[in-house]
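Dropping run26.txt in here (compact mmCIF, C-alpha atoms):
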# COMPACT_ATOMS: atom_id res chain seq x y z
CA MET L 981 12.04 -30.91 -8.92
CA ARG L 982 8.50 -32.11 -9.49
CA ILE L 983 5.45 -31.58 -7.29
CA PHE L 984 2.63 -34.14 -7.61
CA GLY L 985 4.32 -35.39 -10.79
CA TYR L 986 4.47 -31.97 -12.49
CA LYS L 987 7.34 -29.53 -12.87
CA PRO L 988 6.41 -26.05 -11.54
CA THR L 989 6.94 -23.06 -13.79
CA VAL L 990 9.18 -20.16 -12.77
CA SER L 991 6.18 -18.11 -11.67
CA ALA L 992 4.87 -21.07 -9.66
CA TRP L 993 8.22 -21.36 -7.86
CA ILE L 994 8.06 -17.66 -7.01
CA GLY L 995 4.60 -18.21 -5.54
CA ILE L 996 5.73 -21.30 -3.62
CA VAL L 997 8.69 -19.41 -2.13
CA ILE L 998 6.51 -16.43 -1.10
CA VAL L 999 3.83 -18.61 0.48
CA GLY L 1000 6.47 -20.86 2.06
CA ILE L 1001 8.14 -17.91 3.78
CA PHE L 1002 4.86 -16.69 5.26
CA VAL L 1003 3.82 -20.19 6.33
CA PHE L 1004 7.22 -20.68 7.98
CA ALA L 1005 6.78 -17.36 9.79
CA ALA L 1006 3.28 -18.35 10.89
CA ILE L 1007 4.38 -21.72 12.30
CA PHE L 1008 7.54 -20.52 14.05
CA ALA L 1009 6.40 -17.02 15.05
CA PRO L 1010 7.17 -17.39 18.80
CA TRP L 1011 10.76 -18.41 18.02
CA ILE L 1012 11.68 -15.99 15.22
CA ALA L 1013 9.83 -12.81 16.32
CA PRO L 1014 12.21 -10.44 18.18
CA TYR L 1015 9.51 -9.38 20.66
CA GLY L 1016 6.16 -10.55 21.95
CA GLU L 1017 2.96 -10.11 19.98
CA ALA L 1018 1.50 -7.43 22.26
CA ASP L 1019 4.64 -6.08 23.98
CA SER L 1020 5.03 -2.29 23.96
CA VAL L 1021 8.78 -1.87 23.64
CA SER L 1022 9.37 1.73 22.47
CA ASP L 1023 7.78 5.06 21.61
CA THR L 1024 4.93 5.50 19.15
CA TRP L 1025 6.01 5.07 15.51
CA SER L 1026 9.72 4.89 16.21
CA PRO L 1027 11.77 4.79 13.00
CA ALA L 1028 13.50 1.68 11.75
CA SER L 1029 16.69 0.88 13.65
CA ALA L 1030 18.93 -2.01 14.65
CA ASP L 1031 16.52 -2.83 17.49
CA PHE L 1032 13.34 -2.41 15.46
CA TRP L 1033 13.94 -3.32 11.83
CA LEU L 1034 10.57 -2.01 10.63
CA GLY L 1035 10.03 0.54 13.38
CA THR L 1036 7.16 0.47 15.88
CA ASP L 1037 3.40 0.91 15.63
CA ASN L 1038 0.88 3.33 17.11
CA ILE L 1039 1.42 2.12 20.70
CA GLY L 1040 5.10 1.26 20.51
CA ARG L 1041 4.95 -2.41 19.54
CA ASP L 1042 7.62 -3.84 17.23
CA LEU L 1043 6.19 -3.93 13.69
CA LEU L 1044 8.36 -6.82 12.51
CA SER L 1045 7.12 -8.98 15.38
CA ARG L 1046 3.52 -7.94 14.70
CA VAL L 1047 3.86 -8.78 10.99
CA ILE L 1048 5.28 -12.22 11.86
CA TYR L 1049 2.53 -12.97 14.38
CA GLY L 1050 0.00 -11.51 11.96
CA ALA L 1051 0.93 -14.20 9.44
CA ARG L 1052 -0.13 -16.83 11.97
CA THR L 1053 -3.46 -15.15 12.70
CA THR L 1054 -4.50 -13.95 9.25
CA ILE L 1055 -3.37 -17.00 7.28
CA GLY L 1056 -4.61 -19.40 9.96
CA VAL L 1057 -8.10 -17.90 10.10
CA ALA L 1058 -8.35 -17.78 6.29
CA LEU L 1059 -7.20 -21.41 5.99
CA VAL L 1060 -9.62 -22.74 8.62
CA THR L 1061 -12.44 -20.72 7.06
CA THR L 1062 -11.70 -22.06 3.57
CA VAL L 1063 -11.48 -25.69 4.74
CA LEU L 1064 -14.79 -25.36 6.60
CA SER L 1065 -16.52 -23.64 3.67
CA PHE L 1066 -15.32 -26.37 1.31
CA CYS L 1067 -16.58 -29.12 3.61
CA LEU L 1068 -20.01 -27.48 3.76
CA GLY L 1069 -20.25 -26.35 0.13
CA THR L 1070 -18.84 -29.50 -1.47
CA THR L 1071 -21.01 -31.82 0.63
CA ALA L 1072 -24.16 -29.84 -0.14
CA GLY L 1073 -23.27 -29.45 -3.83
CA LEU L 1074 -22.59 -33.14 -4.41
CA LEU L 1075 -25.70 -34.08 -2.45
CA ALA L 1076 -27.82 -31.76 -4.59
CA ALA L 1077 -26.45 -33.25 -7.80
CA VAL L 1078 -26.91 -36.87 -6.76
CA SER L 1079 -30.08 -36.88 -4.64
CA GLY L 1080 -32.67 -35.84 -7.24
CA LYS L 1081 -34.71 -32.81 -8.23
CA VAL L 1082 -36.46 -32.13 -4.90
CA VAL L 1083 -33.27 -31.90 -2.82
CA ASP L 1084 -31.52 -30.07 -5.64
CA GLN L 1085 -34.25 -27.43 -5.89
CA VAL L 1086 -34.46 -26.88 -2.12
CA LEU L 1087 -30.71 -26.48 -1.66
CA SER L 1088 -30.31 -24.38 -4.81
CA ARG L 1089 -33.07 -21.94 -3.80
CA ILE L 1090 -31.58 -21.52 -0.32
CA VAL L 1091 -28.21 -20.73 -1.89
CA ASP L 1092 -29.83 -18.32 -4.38
CA VAL L 1093 -31.41 -16.38 -1.50
CA MET L 1094 -28.07 -16.12 0.30
CA LEU L 1095 -26.29 -15.06 -2.88
CA SER L 1096 -28.86 -12.32 -3.51
CA ILE L 1097 -27.54 -10.40 -0.48
CA PRO L 1098 -24.14 -8.69 -0.96
CA LEU L 1099 -21.49 -10.69 0.89
CA LEU L 1100 -19.97 -7.78 2.78
CA VAL L 1101 -23.36 -6.47 3.90
CA PHE L 1102 -24.40 -9.94 5.06
CA ALA L 1103 -21.16 -10.42 7.00
CA LEU L 1104 -21.31 -6.98 8.62
CA MET L 1105 -24.91 -7.59 9.66
CA ILE L 1106 -24.16 -10.96 11.29
CA LEU L 1107 -20.96 -9.80 13.01
CA SER L 1108 -22.70 -6.68 14.32
CA MET L 1109 -25.43 -8.84 15.90
CA PHE L 1110 -23.34 -11.71 17.28
CA GLY L 1111 -19.99 -10.03 17.90
CA SER L 1112 -16.56 -10.45 16.34
CA SER L 1113 -15.17 -13.37 18.32
CA LEU L 1114 -12.80 -15.63 16.43
CA GLY L 1115 -15.30 -18.51 16.30
CA THR L 1116 -18.13 -16.27 15.07
CA LEU L 1117 -15.89 -14.73 12.42
CA ILE L 1118 -14.75 -18.11 11.06
CA LEU L 1119 -18.25 -19.62 11.06
CA THR L 1120 -19.83 -16.56 9.44
CA ILE L 1121 -17.34 -16.33 6.57
CA ALA L 1122 -17.34 -20.12 6.08
CA ILE L 1123 -21.13 -20.31 5.73
CA LEU L 1124 -21.30 -17.34 3.38
CA ASP L 1125 -18.39 -18.59 1.25
CA SER L 1126 -19.80 -22.13 1.10
CA THR L 1127 -22.54 -20.84 -1.23
CA ARG L 1128 -19.91 -20.14 -3.89
CA VAL L 1129 -18.35 -23.56 -3.37
CA PHE L 1130 -21.80 -25.16 -3.58
CA ARG L 1131 -22.44 -23.74 -7.05
CA LEU L 1132 -19.15 -25.05 -8.45
CA ALA L 1133 -19.43 -28.46 -6.77
CA ARG L 1134 -23.01 -28.90 -8.01
CA SER L 1135 -22.09 -27.77 -11.54
CA VAL L 1136 -19.18 -30.22 -11.75
CA ALA L 1137 -21.11 -33.08 -10.16
CA VAL L 1138 -24.14 -32.68 -12.44
CA ASN L 1139 -21.91 -33.47 -15.42
CA ILE L 1140 -20.42 -36.49 -13.64
CA VAL L 1141 -23.57 -38.20 -12.36
CA VAL L 1142 -24.87 -38.78 -15.90
CA LEU L 1143 -21.80 -40.78 -16.93
CA ASP L 1144 -21.94 -44.53 -17.41
CA TYR L 1145 -19.87 -45.60 -14.41
CA VAL L 1146 -22.17 -43.73 -12.03
CA GLU L 1147 -25.22 -45.40 -13.59
CA VAL L 1148 -23.52 -48.77 -13.23
CA ALA L 1149 -22.89 -48.07 -9.53
CA ARG L 1150 -26.55 -47.22 -9.07
CA LEU L 1151 -27.64 -50.41 -10.85
CA ARG L 1152 -25.38 -52.40 -8.54
CA GLY L 1153 -27.40 -50.98 -5.66
CA GLU L 1154 -24.73 -48.71 -4.22
CA GLY L 1155 -26.03 -46.05 -1.82
CA LEU L 1156 -25.66 -42.28 -2.21
CA PRO L 1157 -22.76 -41.96 0.27
CA TRP L 1158 -20.77 -44.62 -1.62
CA ILE L 1159 -21.47 -43.04 -5.02
CA ILE L 1160 -20.50 -39.58 -3.79
CA ARG L 1161 -17.35 -40.79 -2.04
CA ARG L 1162 -16.08 -43.28 -4.61
CA GLU L 1163 -17.40 -42.11 -7.97
CA VAL L 1164 -18.26 -38.41 -7.96
CA LEU L 1165 -15.82 -36.81 -5.54
CA PRO L 1166 -12.56 -38.24 -7.00
CA ASN L 1167 -13.53 -37.04 -10.49
CA ALA L 1168 -14.54 -33.60 -9.21
CA MET L 1169 -11.27 -33.02 -7.35
CA PRO L 1170 -9.15 -31.24 -10.04
CA PRO L 1171 -11.42 -28.17 -10.46
CA MET L 1172 -12.20 -28.16 -6.73
CA ILE L 1173 -8.50 -28.03 -5.85
CA SER L 1174 -8.06 -25.01 -8.10
CA GLU L 1175 -11.13 -23.40 -6.58
CA PHE L 1176 -9.73 -24.02 -3.09
CA GLY L 1177 -6.76 -21.78 -3.86
CA LEU L 1178 -8.99 -19.05 -5.25
CA ARG L 1179 -11.40 -19.23 -2.29
CA PHE L 1180 -8.49 -19.13 0.16
CA CYS L 1181 -7.22 -15.99 -1.53
CA PHE L 1182 -10.68 -14.41 -1.36
CA ASN L 1183 -11.17 -15.37 2.31
CA PHE L 1184 -7.70 -14.10 3.17
CA LEU L 1185 -8.50 -10.70 1.68
CA PHE L 1186 -12.00 -10.73 3.20
CA VAL L 1187 -10.65 -11.40 6.70
CA ALA L 1188 -8.11 -8.60 6.28
CA GLY L 1189 -10.84 -6.27 4.97
CA LEU L 1190 -13.16 -6.99 7.92
CA SER L 1191 -10.28 -6.39 10.33
CA PHE L 1192 -9.58 -3.08 8.62
CA LEU L 1193 -13.23 -2.14 9.21
CA GLY L 1194 -12.92 -3.14 12.88
CA LEU L 1195 -15.18 -6.22 12.72
CA GLY L 1196 -12.57 -8.87 12.01
CA ILE L 1197 -9.83 -10.24 14.25
CA GLN L 1198 -9.78 -8.21 17.43
CA PRO L 1199 -6.83 -6.86 19.48
CA PRO L 1200 -4.50 -7.83 21.04
CA LEU L 1201 -4.14 -10.49 18.32
CA ALA L 1202 -1.95 -9.27 15.48
CA ASP L 1203 -3.71 -9.14 12.13
CA TRP L 1204 -2.47 -7.51 8.94
CA GLY L 1205 -5.75 -5.78 8.13
CA GLY L 1206 -6.08 -4.47 11.67
CA MET L 1207 -2.46 -3.28 11.61
CA VAL L 1208 -3.16 -1.20 8.51
CA ARG L 1209 -6.16 0.38 10.25
CA ASP L 1210 -4.29 1.04 13.51
CA ASN L 1211 -1.39 2.74 11.76
CA ALA L 1212 -3.26 4.52 8.97
CA ARG L 1213 -2.69 7.97 10.54
CA ALA L 1214 1.07 7.47 10.22
CA ILE L 1215 0.78 8.14 6.48
CA GLY L 1216 -0.07 11.75 7.29
CA PHE L 1217 3.32 12.08 9.03
CA GLY L 1218 5.21 10.45 6.18
CA LEU L 1219 5.85 7.24 8.17
CA PRO L 1220 5.78 3.78 6.52
CA ALA L 1221 4.16 1.91 9.45
CA PRO L 1222 0.96 0.82 7.59
CA ILE L 1223 2.88 -0.07 4.43
CA TRP L 1224 4.49 -3.20 5.91
CA PRO L 1225 1.29 -5.14 6.74
CA ALA L 1226 -0.26 -3.93 3.47
CA LEU L 1227 2.80 -5.24 1.61
CA ALA L 1228 2.47 -8.58 3.41
CA ILE L 1229 -1.18 -8.82 2.28
CA ALA L 1230 -0.21 -8.02 -1.30
CA LEU L 1231 2.69 -10.49 -1.41
CA MET L 1232 0.64 -13.33 0.07
CA THR L 1233 -2.16 -12.68 -2.43
CA ILE L 1234 0.30 -12.65 -5.35
CA GLY L 1235 1.99 -15.84 -4.15
CA VAL L 1236 -1.26 -17.78 -3.83
CA ASN L 1237 -2.47 -16.58 -7.24
CA LEU L 1238 0.77 -17.66 -8.92
CA ILE L 1239 0.36 -21.15 -7.48
CA VAL L 1240 -3.31 -21.31 -8.46
CA ASP L 1241 -2.48 -20.22 -12.03
CA TRP L 1242 -0.02 -23.11 -12.29
CA ILE L 1243 -2.61 -25.59 -10.94
CA LEU L 1244 -5.20 -24.29 -13.42
CA SER L 1245 -2.73 -24.73 -16.28
CA ILE L 1246 -2.19 -28.35 -15.20
CA ASN L 1247 -5.92 -29.06 -15.11
CA ALA L 1248 -6.34 -27.49 -18.56
CA ARG L 1249 -3.79 -29.82 -20.18
CA PRO L 1250 -5.23 -32.61 -22.33
CA SER L 1251 -4.78 -36.15 -21.10
CA GLY L 1252 -5.31 -39.67 -22.39
CA ALA L 1253 -6.17 -40.05 -26.08
CA SER L 1254 -6.69 -36.31 -26.57
CA ALA L 1255 -3.11 -35.65 -25.51
CA GLU L 1256 -1.81 -37.90 -28.28
CA MET L 1257 -3.74 -36.25 -31.10
Can I see the file as structure tokens?
Amino acid sequence: MRIFGYKPTVSAWIGIVIVGIFVFAAIFAPWIAPYGEADSVSDTWSPASADFWLGTDNIGRDLLSRVIYGARTTIGVALVTTVLSFCLGTTAGLLAAVSGKVVDQVLSRIVDVMLSIPLLVFALMILSMFGSSLGTLILTIAILDSTRVFRLARSVAVNIVVLDYVEVARLRGEGLPWIIRREVLPNAMPPMISEFGLRFCFNFLFVAGLSFLGLGIQPPLADWGGMVRDNARAIGFGLPAPIWPALAIALMTIGVNLIVDWILSINARPSGASAEM
């Protein structure tokens, strides 16, 4: 079976299966979860049984149900954040590369200032001031992450705008929006697609990390990072409650990275005349 004209490697299929299972769980969580997202159904940290396959958490909620609903929340927030950051960063990066030195310098210096502040410190500062609502969390991470996307988009676009077909489009009198949309963006897509997977992975871990610190996704919404924090004391009693959401985070990260590695290997393959040499 081929995907986008290419045959996935064994490792890529493993990643696709892992990510596919979590995406399926996220989409159909209300129908496949045994219990509700916030329902307290048993005692604190009950052991695994026929009724509770993974046991219960610190207030008696079914861990399997929480892990399933957590896929929806954690993956959903990371995906929306990554899409938004790419829209902002790619637009600004391509605009900086095409518009001339003045716009390029202004945008680049703004990004340099933002990059000079450690990402976690910047995020904690903003979330502490404006609260940890879902909208604030997504917007904060998206804006901060867009600076990384900006640098890649600008770097790729700078090498494209000096090529002959872009100069021809300018001589024809085409405007900047047309040049960006029809000439620069299509040729910048391969590295940007690879970067999308890497940024999603980073945002996914960043959202989970903020939730673990108490400034990410707030209760009663299920979130893998928050579940690790809520059940951390169970380790002292020899209970595996925090291991399950931590394992979900690890598996999702591995799955995405396996897919990204395959995409990077595709982009690195020679094409055209160089492939025939």
Checklist line | Closest of L:Gly1196, L:Gly1073, L:Gly1218, L:Gly1115 to Ser1088 in chain L - atom-to-atom distances counting all atoms listed in the file | finding: L:Gly1073
Check: Looking at L:Gly1235, L:Pro1225, L:Gly1206, L:Gly1016, which one is nearest to Phe1180 in chain L, with distances taken over all atoms listed in the file?
Finding: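 With all atoms listed in the file as the atom set, the closest residue is L:Gly1235.
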Identify, on the basis of only C-alpha atoms, every residue whose closest approach to Leu1100 in chain L does not exceed 9 Å; exclude the query and any residue fewer than 3 positions from it along the same chain; express the result as a PDB file with C-alpha atoms, in the frame of the given file.
ATOM      1  CA  ILE L1097     -27.540 -10.400  -0.480  1.00  0.00           C
ATOM      2  CA  ALA L1103     -21.160 -10.420   7.000  1.00  0.00           C
ATOM      3  CA  LEU L1104     -21.310  -6.980   8.620  1.00  0.00           C
ATOM      4  CA  MET L1105     -24.910  -7.590   9.660  1.00  0.00           C
ATOM      5  CA  PHE L1186     -12.000 -10.730   3.200  1.00  0.00           C
ATOM      6  CA  LEU L1190     -13.160  -6.990   7.920  1.00  0.00           C
TER       7      LEU L1190
END
Next item on the list: Tell me which of L:Leu1124, L:Leu1151, L:Cys1067, L:Val1141 sits closest to Ile1090 in chain L, counting only C-alpha atoms.
Entry: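 Of the candidates, the smallest distance to Ile1090 in chain L is held by L:Leu1124.
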Note to self: Which residues are near Thr1053 in chain L? Cut-off 7 Å, all atoms listed in the file, ignore same chain within fewer than 3 positions. Put them as a PyMOL selection string.
What the structure shows: chain L and resi 1049-1050+1056-1057+1202-1203
Selection above as a file: C-alpha atoms, as a PDB file, keeping the file's coordinate frame:
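Below is the file part_35.pdb, written as the result:
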ATOM      1  CA  TYR L1049       2.530 -12.970  14.380  1.00  0.00           C
ATOM      2  CA  GLY L1050       0.000 -11.510  11.960  1.00  0.00           C
ATOM      3  CA  GLY L1056      -4.610 -19.400   9.960  1.00  0.00           C
ATOM      4  CA  VAL L1057      -8.100 -17.900  10.100  1.00  0.00           C
ATOM      5  CA  ALA L1202      -1.950  -9.270  15.480  1.00  0.00           C
ATOM      6  CA  ASP L1203      -3.710  -9.140  12.130  1.00  0.00           C
TER       7      ASP L1203
END
Where atoms are missing, can you supply all heavy atoms for range 1143-1154 of chain L and output the lot as a tab-separated table (two decimals), in the frame of the given file?
chain	number	residue	atom	x	y	z
L	1143	LEU	N	-22.73	-39.91	-16.22
L	1143	LEU	CA	-21.80	-40.78	-16.93
L	1143	LEU	C	-22.10	-42.25	-16.62
L	1143	LEU	O	-22.73	-42.59	-15.62
L	1143	LEU	CB	-20.36	-40.43	-16.55
L	1143	LEU	CG	-19.91	-39.00	-16.92
L	1143	LEU	CD1	-18.50	-38.74	-16.45
L	1143	LEU	CD2	-20.04	-38.78	-18.43
L	1144	ASP	N	-21.57	-43.10	-17.47
L	1144	ASP	CA	-21.94	-44.53	-17.41
L	1144	ASP	C	-21.53	-45.18	-16.10
L	1144	ASP	O	-22.28	-45.99	-15.54
L	1144	ASP	CB	-21.29	-45.28	-18.58
L	1144	ASP	CG	-21.88	-44.87	-19.91
L	1144	ASP	OD1	-23.00	-44.31	-19.91
L	1144	ASP	OD2	-21.23	-45.11	-20.95
L	1145	TYR	N	-20.33	-44.90	-15.60
L	1145	TYR	CA	-19.87	-45.60	-14.41
L	1145	TYR	C	-20.69	-45.26	-13.17
L	1145	TYR	O	-20.81	-46.08	-12.26
L	1145	TYR	CB	-18.37	-45.35	-14.16
L	1145	TYR	CG	-17.97	-43.90	-14.03
L	1145	TYR	CD1	-18.09	-43.23	-12.83
L	1145	TYR	CD2	-17.43	-43.23	-15.13
L	1145	TYR	CE1	-17.69	-41.90	-12.71
L	1145	TYR	CE2	-17.04	-41.91	-15.02
L	1145	TYR	CZ	-17.17	-41.24	-13.80
L	1145	TYR	OH	-16.78	-39.93	-13.69
L	1146	VAL	N	-21.29	-44.07	-13.14
L	1146	VAL	CA	-22.17	-43.73	-12.03
L	1146	VAL	C	-23.48	-44.50	-12.16
L	1146	VAL	O	-24.03	-45.00	-11.15
L	1146	VAL	CB	-22.44	-42.21	-11.99
L	1146	VAL	CG1	-23.40	-41.87	-10.85
L	1146	VAL	CG2	-21.14	-41.44	-11.81
L	1147	GLU	N	-23.99	-44.63	-13.37
L	1147	GLU	CA	-25.22	-45.40	-13.59
L	1147	GLU	C	-25.00	-46.87	-13.24
L	1147	GLU	O	-25.88	-47.52	-12.66
L	1147	GLU	CB	-25.66	-45.27	-15.05
L	1147	GLU	CG	-26.13	-43.89	-15.45
L	1147	GLU	CD	-27.37	-43.45	-14.68
L	1147	GLU	OE1	-28.19	-44.33	-14.32
L	1147	GLU	OE2	-27.50	-42.25	-14.41
L	1148	VAL	N	-23.84	-47.38	-13.57
L	1148	VAL	CA	-23.52	-48.77	-13.23
L	1148	VAL	C	-23.50	-48.95	-11.72
L	1148	VAL	O	-24.01	-49.96	-11.19
L	1148	VAL	CB	-22.17	-49.19	-13.86
L	1148	VAL	CG1	-21.70	-50.52	-13.31
L	1148	VAL	CG2	-22.26	-49.22	-15.37
L	1149	ALA	N	-22.93	-47.99	-11.00
L	1149	ALA	CA	-22.89	-48.07	-9.53
L	1149	ALA	C	-24.30	-48.05	-8.95
L	1149	ALA	O	-24.60	-48.78	-7.99
L	1149	ALA	CB	-22.07	-46.92	-8.97
L	1150	ARG	N	-25.16	-47.25	-9.54
L	1150	ARG	CA	-26.55	-47.22	-9.07
L	1150	ARG	C	-27.25	-48.56	-9.33
L	1150	ARG	O	-28.01	-49.06	-8.49
L	1150	ARG	CB	-27.30	-46.09	-9.77
L	1150	ARG	CG	-27.01	-44.72	-9.19
L	1150	ARG	CD	-27.69	-43.63	-9.97
L	1150	ARG	NE	-27.60	-42.34	-9.30
L	1150	ARG	CZ	-27.78	-41.17	-9.90
L	1150	ARG	NH1	-28.08	-41.15	-11.19
L	1150	ARG	NH2	-27.70	-40.05	-9.22
L	1151	LEU	N	-27.02	-49.12	-10.52
L	1151	LEU	CA	-27.64	-50.41	-10.85
L	1151	LEU	C	-27.13	-51.53	-9.96
L	1151	LEU	O	-27.85	-52.52	-9.72
L	1151	LEU	CB	-27.39	-50.74	-12.32
L	1151	LEU	CG	-28.09	-49.83	-13.34
L	1151	LEU	CD1	-27.64	-50.16	-14.75
L	1151	LEU	CD2	-29.61	-49.96	-13.22
L	1152	ARG	N	-25.91	-51.40	-9.47
L	1152	ARG	CA	-25.38	-52.40	-8.54
L	1152	ARG	C	-26.01	-52.28	-7.16
L	1152	ARG	O	-25.81	-53.13	-6.31
L	1152	ARG	CB	-23.86	-52.22	-8.38
L	1152	ARG	CG	-23.04	-52.66	-9.56
L	1152	ARG	CD	-21.60	-52.95	-9.15
L	1152	ARG	NE	-21.04	-51.88	-8.34
L	1152	ARG	CZ	-20.28	-50.89	-8.82
L	1152	ARG	NH1	-20.02	-50.83	-10.12
L	1152	ARG	NH2	-19.79	-49.96	-8.01
L	1153	GLY	N	-26.75	-51.17	-6.95
L	1153	GLY	CA	-27.40	-50.98	-5.66
L	1153	GLY	C	-26.59	-50.19	-4.66
L	1153	GLY	O	-26.89	-50.21	-3.46
L	1154	GLU	N	-25.54	-49.50	-5.13
L	1154	GLU	CA	-24.73	-48.71	-4.22
L	1154	GLU	C	-25.54	-47.52	-3.70
L	1154	GLU	O	-26.32	-46.91	-4.43
L	1154	GLU	CB	-23.46	-48.19	-4.93
L	1154	GLU	CG	-22.62	-49.28	-5.56
L	1154	GLU	CD	-21.93	-50.18	-4.55
L	1154	GLU	OE1	-22.05	-49.90	-3.34
L	1154	GLU	OE2	-21.29	-51.17	-4.96
